[in-house]
Structure formats: structure tokens, C-alpha cells
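Here is the structure we will look at.
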Amino acid sequence: MSSLWTPEGEHRVPRRPSESPPSAAAPAQGAPGAAPGPGRPPGPGTPTGAARRPGPGGEADDAELLEHLEELRNQLVATPVEVVIANHAYGLFELAAIHLSERPADVEQARLAIDALGALVEGLAGRLGEPEASLVDALAQIRLAFVQISAAQGPEASAVPGGGSGPVTAGG
């Protein structure tokens with residue numbers, strides 16, 4: 001079973017139509033979309049009622065689904081764009097880390113994820129608000145990990161097709 005991250009939280013996505021419908025899992029504590037503290041109203045990223053489940057007939061009512069989609073859209077519109085971008089950037093970081101943790105590491109797939117993360121973080125420098133410092137640190141850490149892991153696998157792992165060094169080398 002796969003999952004999809006939204007400002008509302010994680011939604012399970014079945015691989016086959018015969019599997020059960022998506023459900024929402026609560027986001028990590030302190031993450032965008034985490035549950036509100038005492039005395040605070042639910043924010044735009046707070047799960048409200050989780051994902052709809054089919055009724056006794058086996059399928060959710062179309063009107064109910066449309067209402068839920070509108071609710072999700074409103075939550076997304078109310079969420080600051082820098083929070084949504086940061087969420088995607090953290091996903092790219094995790095994707096790169098997953099490929100680097102494979103044995104042997106899949107450095108080409110990791111390189112693409114790191115380059116995409118770099119394009120977001122460096123391309124939007126000064127516009128990412130509060131998450132920016134964490135994203136810059138994450139980018140530096142994953143680049144360092146890439147260099148160390150690809151060097152351990154040998155010179156062919158760190159070489160860029162066509163020669164030269166790619167954007168994920170130690171210098172950036």
C-alpha cells in the first residue's frame with residue numbers, strides 16, 4: 001500500500017481497486033499539519049475527520065466525496081505556500097536518503113532527487129520563510145552523504161555521465 005502526503009496528513013492509497021479506501025494518518029508531532037495545542041483552533045493542516053470511508057453500501061456518496069474534496073482544497077488554499085513547498089522538499093530529501101541507503105546505493109537516483117531538492121532550496125532562496133534554514137541544512141547534509149557514499153562505492157559511482165562533476169559534489 002502506498003501513501004500520499006497532503007497538508008492534511010498522510011493518506012493511504014490502495015494499489016488495487018479491491019483494497020480498502022484511503023485513510024488519513026496523523027502527521028508527526030511538530031510537523032506542518034500536526035494537531036493543535038490546547039486552546040488553539042485547528043489550523044489549515046489539521047486533519048478534520050480523517051478520510052471518508054464508504055458507507056454500508058460499500059461506496060461513499062458522490063456528494064460526500066465532493067464535499068470532502070472541497071474541504072481539502074480549502075485547507076490547501078489556507079496553508080502558506082512555503083509550508084507546502086517545504087513539505088515537498090522534505091520528501092525529496094527522504095527520497096534521496098532512501099536511494100543512498102540501498103545496498104549498493106543507487107547514486108544516480110539519489111543524485112536526481114538531490115538536484116531537485118537543490119533546485120527548490122537554492123532557486124527559492126530568501127522566499128521559503130521559517131522552513132528555509134532547515135532546508136538549507138538538509139540539503140548540505142544529503143549532499144555530504146552523497147559524496148561520502150559515492151566515494152566509498154568507487155570513482156565510477158561519483159562520476160557524472162559525460163565527465164565532470166555534478167551539482168551534488170562537495171562544492172555544491
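By order of appearance in the C-alpha cells: chains A, B, ..., then residues from 1 within every chain, and ligands from 1 in the order shown.
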Which polymer residues have any atom within 12 Å of an atom of Ala97 in chain A, counting only C-alpha atoms, with same-chain residues fewer than 6 positions away left out, as a ChimeraX atom specification?
/A:90-91,105-107,109-114,117,138-139,141-146,149
Serialized selection, N, CA and C atoms, as a short mmCIF file (atom, residue, chain, number, x, y, z; two decimals), in the first residue's frame:
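Final output, saved to selection03.cif:
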```cif
data_model
loop_
_atom_site.label_atom_id
_atom_site.label_comp_id
_atom_site.auth_asym_id
_atom_site.auth_seq_id
_atom_site.Cartn_x
_atom_site.Cartn_y
_atom_site.Cartn_z
N TYR A 90 11.15 18.25 1.76
CA TYR A 90 11.50 17.19 2.72
C TYR A 90 11.26 15.81 2.09
N GLY A 91 10.25 15.71 1.27
CA GLY A 91 10.00 14.45 0.56
C GLY A 91 11.15 14.11 -0.38
N ALA A 105 24.19 1.53 -2.93
CA ALA A 105 23.42 2.77 -3.07
C ALA A 105 23.15 3.04 -4.54
N ASP A 106 21.95 3.53 -4.83
CA ASP A 106 21.58 3.92 -6.19
C ASP A 106 21.90 5.41 -6.33
N VAL A 107 23.17 5.70 -6.63
CA VAL A 107 23.63 7.08 -6.63
C VAL A 107 23.00 7.92 -7.72
N GLN A 109 19.87 7.71 -8.92
CA GLN A 109 18.54 8.11 -8.47
C GLN A 109 18.65 9.13 -7.33
N ALA A 110 19.60 8.92 -6.43
CA ALA A 110 19.82 9.86 -5.33
C ALA A 110 20.25 11.22 -5.89
N ARG A 111 21.12 11.22 -6.89
CA ARG A 111 21.60 12.45 -7.50
C ARG A 111 20.42 13.28 -8.05
N LEU A 112 19.50 12.62 -8.71
CA LEU A 112 18.35 13.35 -9.28
C LEU A 112 17.50 13.97 -8.17
N ALA A 113 17.24 13.21 -7.12
CA ALA A 113 16.44 13.75 -6.01
C ALA A 113 17.17 14.91 -5.33
N ILE A 114 18.49 14.79 -5.15
CA ILE A 114 19.27 15.86 -4.52
C ILE A 114 19.31 17.09 -5.42
N LEU A 117 16.00 18.81 -5.04
CA LEU A 117 15.97 19.50 -3.76
C LEU A 117 16.78 20.78 -3.83
N ALA A 138 19.45 20.57 5.54
CA ALA A 138 19.14 19.24 5.00
C ALA A 138 19.83 19.02 3.66
N LEU A 139 19.82 20.04 2.81
CA LEU A 139 20.49 19.94 1.51
C LEU A 139 21.99 19.71 1.69
N GLN A 141 23.51 18.37 4.27
CA GLN A 141 23.72 17.04 4.85
C GLN A 141 23.58 15.94 3.81
N ILE A 142 22.56 16.04 2.95
CA ILE A 142 22.34 14.97 1.97
C ILE A 142 23.41 15.03 0.89
N ARG A 143 23.89 16.22 0.57
CA ARG A 143 25.00 16.33 -0.40
C ARG A 143 26.27 15.70 0.17
N LEU A 144 26.55 15.96 1.44
CA LEU A 144 27.72 15.37 2.07
C LEU A 144 27.60 13.84 2.10
N ALA A 145 26.43 13.34 2.46
CA ALA A 145 26.21 11.89 2.48
C ALA A 145 26.41 11.30 1.08
N PHE A 146 25.93 12.00 0.07
CA PHE A 146 26.09 11.54 -1.32
C PHE A 146 27.57 11.41 -1.66
N ILE A 149 29.17 8.44 0.31
CA ILE A 149 28.70 7.12 -0.13
C ILE A 149 29.18 6.82 -1.54
#
```
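For the set A:His68, A:Ile85, A:Val121, A:Glu108, the residue with the smallest atom-to-atom gap to Ala133 in chain A is A:Val121, counting only C-alpha atoms.
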Skip Leu135 in chain A itself and residues of its chain fewer than 5 positions away, then list as a list in words all residues within 10 Å of it, counting only C-alpha atoms.
Ala86, Asn87, Ala89, Tyr90, Phe93, Leu117, Gly118, Leu120, Val121, Glu122, Leu128, Glu130, Ala140 and Gln141 of chain A
Using N, CA and C atoms, can you write the selected residues to a file as a PDB file, in the first residue's frame?
```
ATOM      1  N   ALA A  86       8.004  23.339   1.363  1.00  0.00           N
ATOM      2  CA  ALA A  86       8.908  22.682   2.314  1.00  0.00           C
ATOM      3  C   ALA A  86       8.544  21.211   2.464  1.00  0.00           C
ATOM      4  N   ASN A  87       7.265  20.888   2.498  1.00  0.00           N
ATOM      5  CA  ASN A  87       6.824  19.504   2.605  1.00  0.00           C
ATOM      6  C   ASN A  87       7.329  18.692   1.410  1.00  0.00           C
ATOM      7  N   ALA A  89       9.916  19.476  -0.452  1.00  0.00           N
ATOM      8  CA  ALA A  89      11.376  19.444  -0.360  1.00  0.00           C
ATOM      9  C   ALA A  89      11.822  18.356   0.622  1.00  0.00           C
ATOM     10  N   TYR A  90      11.152  18.250   1.760  1.00  0.00           N
ATOM     11  CA  TYR A  90      11.496  17.194   2.718  1.00  0.00           C
ATOM     12  C   TYR A  90      11.263  15.813   2.092  1.00  0.00           C
ATOM     13  N   PHE A  93      14.261  15.076   0.025  1.00  0.00           N
ATOM     14  CA  PHE A  93      15.358  14.688   0.918  1.00  0.00           C
ATOM     15  C   PHE A  93      15.217  13.212   1.295  1.00  0.00           C
ATOM     16  N   LEU A 117      16.004  18.806  -5.039  1.00  0.00           N
ATOM     17  CA  LEU A 117      15.965  19.500  -3.758  1.00  0.00           C
ATOM     18  C   LEU A 117      16.784  20.781  -3.834  1.00  0.00           C
ATOM     19  N   GLY A 118      17.966  20.699  -4.416  1.00  0.00           N
ATOM     20  CA  GLY A 118      18.809  21.874  -4.573  1.00  0.00           C
ATOM     21  C   GLY A 118      18.153  22.943  -5.433  1.00  0.00           C
ATOM     22  N   LEU A 120      14.991  23.534  -5.759  1.00  0.00           N
ATOM     23  CA  LEU A 120      13.960  24.191  -4.951  1.00  0.00           C
ATOM     24  C   LEU A 120      14.565  25.132  -3.916  1.00  0.00           C
ATOM     25  N   VAL A 121      15.481  24.601  -3.109  1.00  0.00           N
ATOM     26  CA  VAL A 121      16.020  25.365  -1.987  1.00  0.00           C
ATOM     27  C   VAL A 121      16.855  26.544  -2.472  1.00  0.00           C
ATOM     28  N   GLU A 122      17.739  26.305  -3.406  1.00  0.00           N
ATOM     29  CA  GLU A 122      18.604  27.382  -3.895  1.00  0.00           C
ATOM     30  C   GLU A 122      17.867  28.306  -4.854  1.00  0.00           C
ATOM     31  N   LEU A 128      11.474  31.148   1.284  1.00  0.00           N
ATOM     32  CA  LEU A 128      10.872  29.958   1.897  1.00  0.00           C
ATOM     33  C   LEU A 128      10.469  30.142   3.348  1.00  0.00           C
ATOM     34  N   GLU A 130      10.162  30.465   7.345  1.00  0.00           N
ATOM     35  CA  GLU A 130      10.713  29.766   8.509  1.00  0.00           C
ATOM     36  C   GLU A 130      11.389  28.428   8.172  1.00  0.00           C
ATOM     37  N   ALA A 140      22.614  20.452   2.592  1.00  0.00           N
ATOM     38  CA  ALA A 140      24.052  20.278   2.842  1.00  0.00           C
ATOM     39  C   ALA A 140      24.343  18.869   3.369  1.00  0.00           C
ATOM     40  N   GLN A 141      23.506  18.373   4.274  1.00  0.00           N
ATOM     41  CA  GLN A 141      23.717  17.041   4.849  1.00  0.00           C
ATOM     42  C   GLN A 141      23.579  15.943   3.805  1.00  0.00           C
TER      43      GLN A 141
END
```
Shell around Pro131 in chain A at 9 Å using only C-alpha atoms, local window under 5 positions removed, as a PyMOL selection string:
chain A and resi 82-83+86+136
